[in-house]
Amino acid sequence: MKIAIDLHSHSGYSGGVGKISLEKISESMKKKGIDVFGTGDCLHPFWFSRLMNKLIEVEEGVFTLNKKDDRYFILQTEIVVTAPISKSKRKSVHVVLLFPSFSTVKKVIELFKNYGIKNTIGRPFITLNSQFEVSDFFYTLKAIDEKIVMFPAHIMTPDGIFGSNNPITYLEDFFGDYASKIKVLETGLSADPEMLDKIPQCRERNYISNSDCHSHAIHRIGREFTILEVNSIKFNEIKKAIEGDGIISTYEFNPREGKYYASGHRKGKHNHPEHFFTEHNSNLICPYCKKPFTKGVKHRIEELAANQKLNIPRIKQRTFKRIIPLIEVIAYGLKIKTLSSKKVIKTYNEIISTIGNEITLWLKPVKEIEKDLSSVLNENVLRAIIAIHKEEFTFDPPGFDGEYGKLKIFLN
């Protein structure tokens, strides 16, 4: 069977995140078409307690809010690991962990206590002092339960393993010999498989796409997702699919939408009178303050493609599609800026009641979309949906230095 997964999220205990309800997450999953969702922050004591009280295990390592529900959860967290990469520089890397059971989570919480880690925020912060310690830490995690799944998060953003903050060239430069055990990489919002395949070390690993959402809002959950082929919805089946040959396709942001695609400075960062960015200026110097731009993903990928001296061919056939959240498409078509507008929400619900869920919409052929929705929708909205389906859209200017790109849909 094919299932849609989104296995990287955050609870209300992560910084910059408001209150998040499991019930509202489940509602958004149904509208979106997400079958399995990562709980976020499961090592945090208060969120862990909430998960323990709310979730019911219906299959091995898979949970629901009630036994009749067909929206499932997997225990998940993101951690931040920091270690030196030279005598004068440290690098912090975000990593996603998936756990097969509450008992395994409890053991990991105890392990973290031994490392002196305080779970007072959603993303525990682990300070280590060498590549050997990083490697040993992850081997120790796996020794607790070999079913634990680990993958580097949003690998090209500044705090990703290949990101611009204190950059490195090879996975081993941070993970030590544990790098050989890493089977999966998360693409993140500012990169997609086509871009990552330019990097030799990425080519021999699987790619997974997740929303990394900090909200239960419908335009956040499932904004990126992955389609898997599994025999059943069980933790081990999902693990096997992610780490093996079960990834059918990923659904990605257009990288130009991502907040770190291009190099540049945001408006106001140095009291600039305007936004500006560059995709081609190799000097990456701000013409106003003469300080370096925040280096974008596009530039980092070009660097890594040139600097990784590895003869690794492109042997995997990646299947992926660039999309954007449906509610944003509707707002664009209606020329309404506020996603929570009653007219936007009404139109969204009309589409969902007709089609079933958002993912089903993106899987349908264009002719079927026209047939199903032509009598339901405003013509501009229908044209916008079809344009997104055909990938006839871009973001101009693209995202840079923490600011999302500006959507432009070609409605000819």
# chains A, B, ... in the order shown; residues from 1 in each chain; ligands from 1
call {"tool": "residues_around", "arguments": {"residues": "Glu257 in chain A", "least_positions_apart": "6", "cutoff": "9 Å", "atoms": "only C-alpha atoms", "output": "list in words"}}
result
Leu189, Ser190, Thr394, Phe395, Asp396, Pro397, Pro398, Gly399, Phe400, Glu403, Tyr404, Gly405, Lys406 and Leu407 of chain A
call {"tool": "write_last_selection", "arguments": {"atoms": "N, CA and C atoms", "output": "CSV table (one decimal), in the first residue's frame"}}
result
chain,number,residue,atom,x,y,z
A,189,LEU,N,13.4,22.7,2.9
A,189,LEU,CA,12.5,23.5,2.1
A,189,LEU,C,13.3,24.3,1.0
A,190,SER,N,14.6,24.4,1.2
A,190,SER,CA,15.4,25.2,0.2
A,190,SER,C,16.2,24.3,-0.8
A,394,THR,N,6.9,30.0,-10.1
A,394,THR,CA,8.3,30.3,-9.6
A,394,THR,C,8.1,31.2,-8.4
A,395,PHE,N,9.3,31.6,-7.8
A,395,PHE,CA,9.3,32.5,-6.7
A,395,PHE,C,10.3,33.6,-7.0
A,396,ASP,N,9.8,34.8,-7.1
A,396,ASP,CA,10.6,36.0,-7.6
A,396,ASP,C,10.3,37.2,-6.8
A,397,PRO,N,11.1,37.7,-5.9
A,397,PRO,CA,12.5,37.2,-5.7
A,397,PRO,C,12.4,35.9,-4.9
A,398,PRO,N,13.5,35.1,-5.0
A,398,PRO,CA,13.5,33.8,-4.3
A,398,PRO,C,13.8,34.0,-2.8
A,399,GLY,N,13.6,33.0,-2.0
A,399,GLY,CA,13.9,33.1,-0.6
A,399,GLY,C,15.4,33.4,-0.3
A,400,PHE,N,15.6,34.1,0.7
A,400,PHE,CA,17.0,34.4,1.1
A,400,PHE,C,17.1,34.9,2.6
A,403,GLU,N,14.0,34.7,4.7
A,403,GLU,CA,12.7,35.2,4.2
A,403,GLU,C,12.2,34.3,3.0
A,404,TYR,N,11.0,34.0,3.1
A,404,TYR,CA,10.4,33.1,2.0
A,404,TYR,C,10.4,33.8,0.7
A,405,GLY,N,10.5,33.1,-0.4
A,405,GLY,CA,10.3,33.7,-1.8
A,405,GLY,C,8.9,34.1,-2.0
A,406,LYS,N,8.8,35.0,-3.0
A,406,LYS,CA,7.5,35.6,-3.4
A,406,LYS,C,6.9,34.8,-4.6
A,407,LEU,N,5.7,34.2,-4.4
A,407,LEU,CA,5.1,33.3,-5.3
A,407,LEU,C,4.6,34.1,-6.6
call {"tool": "select_by_dssp", "arguments": {"residues": "range 18-242 of chain A", "states": "strand (DSSP E)", "output": "number ranges by chain"}}
result
A: 36-38, 56-59, 62-64, 72-84, 90-99, 125-127, 149-152, 184-186, 206-208, 225-229
call {"tool": "write_last_selection", "arguments": {"atoms": "C-alpha atoms", "output": "PDB file, in the first residue's frame"}}
result
ATOM      1  CA  VAL A  36       1.524   9.119   9.337  1.00  0.00           C
ATOM      2  CA  PHE A  37       2.879  12.150  11.192  1.00  0.00           C
ATOM      3  CA  GLY A  38       5.860  12.730  13.485  1.00  0.00           C
ATOM      4  CA  ILE A  56      -3.119   4.672  21.730  1.00  0.00           C
ATOM      5  CA  GLU A  57      -0.789   2.128  20.140  1.00  0.00           C
ATOM      6  CA  VAL A  58      -2.714   0.345  17.377  1.00  0.00           C
ATOM      7  CA  GLU A  59       0.214  -1.302  15.601  1.00  0.00           C
ATOM      8  CA  VAL A  62       2.237   3.402  15.489  1.00  0.00           C
ATOM      9  CA  PHE A  63      -0.333   5.398  17.461  1.00  0.00           C
ATOM     10  CA  THR A  64      -3.715   7.078  17.039  1.00  0.00           C
ATOM     11  CA  TYR A  72      -1.367   7.743  12.703  1.00  0.00           C
ATOM     12  CA  PHE A  73       1.549   9.110  14.738  1.00  0.00           C
ATOM     13  CA  ILE A  74       5.163   8.031  15.215  1.00  0.00           C
ATOM     14  CA  LEU A  75       7.241   9.201  18.181  1.00  0.00           C
ATOM     15  CA  GLN A  76       9.715  11.764  16.867  1.00  0.00           C
ATOM     16  CA  THR A  77      12.009  14.560  17.935  1.00  0.00           C
ATOM     17  CA  GLU A  78      14.654  16.847  16.521  1.00  0.00           C
ATOM     18  CA  ILE A  79      17.914  17.299  18.412  1.00  0.00           C
ATOM     19  CA  VAL A  80      20.787  19.739  17.960  1.00  0.00           C
ATOM     20  CA  VAL A  81      24.296  18.321  18.207  1.00  0.00           C
ATOM     21  CA  THR A  82      27.311  20.619  18.438  1.00  0.00           C
ATOM     22  CA  ALA A  83      30.958  19.597  18.093  1.00  0.00           C
ATOM     23  CA  PRO A  84      34.267  21.176  17.020  1.00  0.00           C
ATOM     24  CA  ARG A  90      32.211  24.434  16.326  1.00  0.00           C
ATOM     25  CA  LYS A  91      29.323  23.324  14.164  1.00  0.00           C
ATOM     26  CA  SER A  92      25.738  22.713  15.269  1.00  0.00           C
ATOM     27  CA  VAL A  93      23.735  20.164  13.280  1.00  0.00           C
ATOM     28  CA  HIS A  94      20.014  19.375  13.475  1.00  0.00           C
ATOM     29  CA  VAL A  95      19.088  15.681  13.451  1.00  0.00           C
ATOM     30  CA  VAL A  96      15.686  13.924  13.421  1.00  0.00           C
ATOM     31  CA  LEU A  97      15.116  10.806  15.536  1.00  0.00           C
ATOM     32  CA  LEU A  98      12.207   8.352  15.244  1.00  0.00           C
ATOM     33  CA  PHE A  99      11.439   5.947  18.092  1.00  0.00           C
ATOM     34  CA  PHE A 125      20.986  20.485  22.738  1.00  0.00           C
ATOM     35  CA  ILE A 126      23.891  18.030  22.928  1.00  0.00           C
ATOM     36  CA  THR A 127      27.424  19.394  23.351  1.00  0.00           C
ATOM     37  CA  VAL A 149      15.813   5.864  12.926  1.00  0.00           C
ATOM     38  CA  MET A 150      18.183   8.831  12.562  1.00  0.00           C
ATOM     39  CA  PHE A 151      18.578  11.267   9.683  1.00  0.00           C
ATOM     40  CA  PRO A 152      20.190  14.713   9.355  1.00  0.00           C
ATOM     41  CA  VAL A 184      18.655   8.955   4.737  1.00  0.00           C
ATOM     42  CA  LEU A 185      18.897  12.727   4.272  1.00  0.00           C
ATOM     43  CA  GLU A 186      16.094  15.267   4.674  1.00  0.00           C
ATOM     44  CA  ASN A 206      17.797   8.161   0.240  1.00  0.00           C
ATOM     45  CA  TYR A 207      15.964  11.486   0.384  1.00  0.00           C
ATOM     46  CA  ILE A 208      12.981  12.152   2.609  1.00  0.00           C
ATOM     47  CA  PHE A 225       5.813  15.022   2.357  1.00  0.00           C
ATOM     48  CA  THR A 226       6.950  11.609   1.152  1.00  0.00           C
ATOM     49  CA  ILE A 227       5.030   8.734  -0.450  1.00  0.00           C
ATOM     50  CA  LEU A 228       6.102   5.265   0.716  1.00  0.00           C
ATOM     51  CA  GLU A 229       5.245   1.743  -0.410  1.00  0.00           C
TER      52      GLU A 229
END
call {"tool": "closest_residue", "arguments": {"among": "A:Ser49, A:Ser209, A:Gln317, A:Ser26", "to": "Asp70 in chain A", "atoms": "only C-alpha atoms"}}
result
A:Ser26
call {"tool": "closest_residue", "arguments": {"among": "A:Ala143, A:Leu51, A:Ile327, A:Cys202", "to": "Ile218 in chain A", "atoms": "only C-alpha atoms"}}
result
A:Ile327
call {"tool": "closest_residue", "arguments": {"among": "A:Ser130, A:Lys31, A:Gln201, A:Ser180", "to": "Arg314 in chain A", "atoms": "only C-alpha atoms"}}
result
A:Gln201
call {"tool": "residues_around", "arguments": {"residues": "Glu172 in chain A", "least_positions_apart": "6", "cutoff": "10 Å", "atoms": "only C-alpha atoms", "output": "list in words"}}
result
Gln131, Ser135, Tyr178, Ala179 and Ser180 of chain A
call {"tool": "write_last_selection", "arguments": {"atoms": "C-alpha atoms", "output": "compact mmCIF listing (two decimals), in the first residue's frame"}}
result
# COMPACT_ATOMS: atom_id res chain seq x y z
CA GLN A 131 33.98 13.66 15.81
CA SER A 135 30.02 8.98 16.39
CA TYR A 178 29.09 7.04 11.97
CA ALA A 179 28.67 8.80 8.60
CA SER A 180 28.76 5.39 6.90
call {"tool": "residues_around", "arguments": {"residues": "Lys240 in chain A", "least_positions_apart": "3", "cutoff": "12 Å", "atoms": "only C-alpha atoms", "output": "PyMOL selection string"}}
result
chain A and resi 147-149+183-184+206+228-237+243-247
call {"tool": "write_last_selection", "arguments": {"atoms": "C-alpha atoms", "output": "PDB file, in the first residue's frame"}}
result
ATOM      1  CA  LYS A 147      15.023   0.244  15.501  1.00  0.00           C
ATOM      2  CA  ILE A 148      15.701   3.937  16.202  1.00  0.00           C
ATOM      3  CA  VAL A 149      15.813   5.864  12.926  1.00  0.00           C
ATOM      4  CA  LYS A 183      21.127   6.082   5.008  1.00  0.00           C
ATOM      5  CA  VAL A 184      18.655   8.955   4.737  1.00  0.00           C
ATOM      6  CA  ASN A 206      17.797   8.161   0.240  1.00  0.00           C
ATOM      7  CA  LEU A 228       6.102   5.265   0.716  1.00  0.00           C
ATOM      8  CA  GLU A 229       5.245   1.743  -0.410  1.00  0.00           C
ATOM      9  CA  VAL A 230       4.688  -0.468   2.659  1.00  0.00           C
ATOM     10  CA  ASN A 231       3.046  -3.798   3.410  1.00  0.00           C
ATOM     11  CA  SER A 232       1.328  -2.398   6.497  1.00  0.00           C
ATOM     12  CA  ILE A 233       1.398   0.705   8.677  1.00  0.00           C
ATOM     13  CA  LYS A 234       3.889  -0.431  11.307  1.00  0.00           C
ATOM     14  CA  PHE A 235       7.068   1.224  12.569  1.00  0.00           C
ATOM     15  CA  ASN A 236       9.351  -1.459  11.164  1.00  0.00           C
ATOM     16  CA  GLU A 237       7.650  -1.305   7.768  1.00  0.00           C
ATOM     17  CA  GLU A 243      16.039   3.231   4.674  1.00  0.00           C
ATOM     18  CA  GLY A 244      15.554   0.806   1.788  1.00  0.00           C
ATOM     19  CA  ASP A 245      13.695   0.899  -1.517  1.00  0.00           C
ATOM     20  CA  GLY A 246      10.258   1.963  -0.308  1.00  0.00           C
ATOM     21  CA  ILE A 247      10.366   5.679  -1.158  1.00  0.00           C
TER      22      ILE A 247
END
call {"tool": "atom_distance", "arguments": {"atom1": "CA of Ile121 in chain A", "atom2": "CA of Glu133 in chain A"}}
result
22.7 Å
call {"tool": "closest_residue", "arguments": {"among": "A:Ala331, A:Ala305, A:Ala217, A:Ile386", "to": "Lys24 in chain A", "atoms": "only C-alpha atoms"}}
result
A:Ala217
call {"tool": "residues_around", "arguments": {"residues": "range 351-364 of chain A", "least_positions_apart": "4", "cutoff": "7 Å", "atoms": "only C-alpha atoms", "output": "PyMOL selection string"}}
result
chain A and resi 30-33+326+347+368-369+389
call {"tool": "write_last_selection", "arguments": {"atoms": "C-alpha atoms", "output": "PDB file, in the first residue's frame"}}
result
ATOM      1  CA  LYS A  30      -7.187  14.353   7.170  1.00  0.00           C
ATOM      2  CA  LYS A  31      -7.659  17.439   5.014  1.00  0.00           C
ATOM      3  CA  LYS A  32      -4.104  17.223   3.759  1.00  0.00           C
ATOM      4  CA  GLY A  33      -4.078  13.443   3.205  1.00  0.00           C
ATOM      5  CA  LEU A 326      -3.324  24.411  -1.724  1.00  0.00           C
ATOM      6  CA  THR A 347     -13.074  27.577  -1.227  1.00  0.00           C
ATOM      7  CA  GLU A 368      -9.716  14.898 -13.924  1.00  0.00           C
ATOM      8  CA  ILE A 369      -9.101  18.048 -11.873  1.00  0.00           C
ATOM      9  CA  HIS A 389       0.143  20.871 -11.006  1.00  0.00           C
TER      10      HIS A 389
END
call {"tool": "residues_around", "arguments": {"residues": "Gln308 in chain A", "least_positions_apart": "5", "cutoff": "12 Å", "atoms": "only C-alpha atoms", "output": "ChimeraX atom specification"}}
result
/A:162,168-173,198-203,300-303
call {"tool": "write_last_selection", "arguments": {"atoms": "C-alpha atoms", "output": "PDB file, in the first residue's frame"}}
result
ATOM      1  CA  PHE A 162      26.017  20.813   4.735  1.00  0.00           C
ATOM      2  CA  ILE A 168      32.178  21.320   6.169  1.00  0.00           C
ATOM      3  CA  THR A 169      32.853  19.288   3.038  1.00  0.00           C
ATOM      4  CA  TYR A 170      32.141  15.682   4.024  1.00  0.00           C
ATOM      5  CA  LEU A 171      29.695  13.982   6.411  1.00  0.00           C
ATOM      6  CA  GLU A 172      32.700  12.456   8.200  1.00  0.00           C
ATOM      7  CA  ASP A 173      33.948  15.933   9.110  1.00  0.00           C
ATOM      8  CA  LYS A 198      24.876  17.405  -7.587  1.00  0.00           C
ATOM      9  CA  ILE A 199      26.630  16.527  -4.297  1.00  0.00           C
ATOM     10  CA  PRO A 200      28.467  13.167  -4.581  1.00  0.00           C
ATOM     11  CA  GLN A 201      27.890  12.032  -0.961  1.00  0.00           C
ATOM     12  CA  CYS A 202      24.160  12.650  -1.273  1.00  0.00           C
ATOM     13  CA  ARG A 203      23.750  10.475  -4.366  1.00  0.00           C
ATOM     14  CA  ARG A 300      26.637  25.935  -1.020  1.00  0.00           C
ATOM     15  CA  ILE A 301      25.571  23.149  -3.381  1.00  0.00           C
ATOM     16  CA  GLU A 302      27.834  24.559  -6.092  1.00  0.00           C
ATOM     17  CA  GLU A 303      30.724  24.611  -3.581  1.00  0.00           C
TER      18      GLU A 303
END
call {"tool": "closest_residue", "arguments": {"among": "A:Arg383, A:Tyr13, A:Gly258, A:Tyr139", "to": "Phe175 in chain A", "atoms": "only C-alpha atoms"}}
result
A:Tyr139
call {"tool": "select_by_dssp", "arguments": {"residues": "range 162-399 of chain A", "states": "alpha helix (DSSP H)", "output": "PyMOL selection string"}}
result
chain A and resi 172-175+193-196+200-203+235-243+297-307+326-334+342-355+358-363+366-373+379-389
call {"tool": "closest_residue", "arguments": {"among": "A:Glu379, A:Asp401, A:Asp159, A:Asp197", "to": "His265 in chain A", "atoms": "only C-alpha atoms"}}
result
A:Asp401
call {"tool": "atom_distance", "arguments": {"atom1": "CA of Lys89 in chain A", "atom2": "CA of Pro158 in chain A"}}
result
14.8 Å
call {"tool": "residues_around", "arguments": {"residues": "Glu350 in chain A", "least_positions_apart": "5", "cutoff": "10 Å", "atoms": "only C-alpha atoms", "output": "PyMOL selection string"}}
result
chain A and resi 344-345+355-356+373+376-377
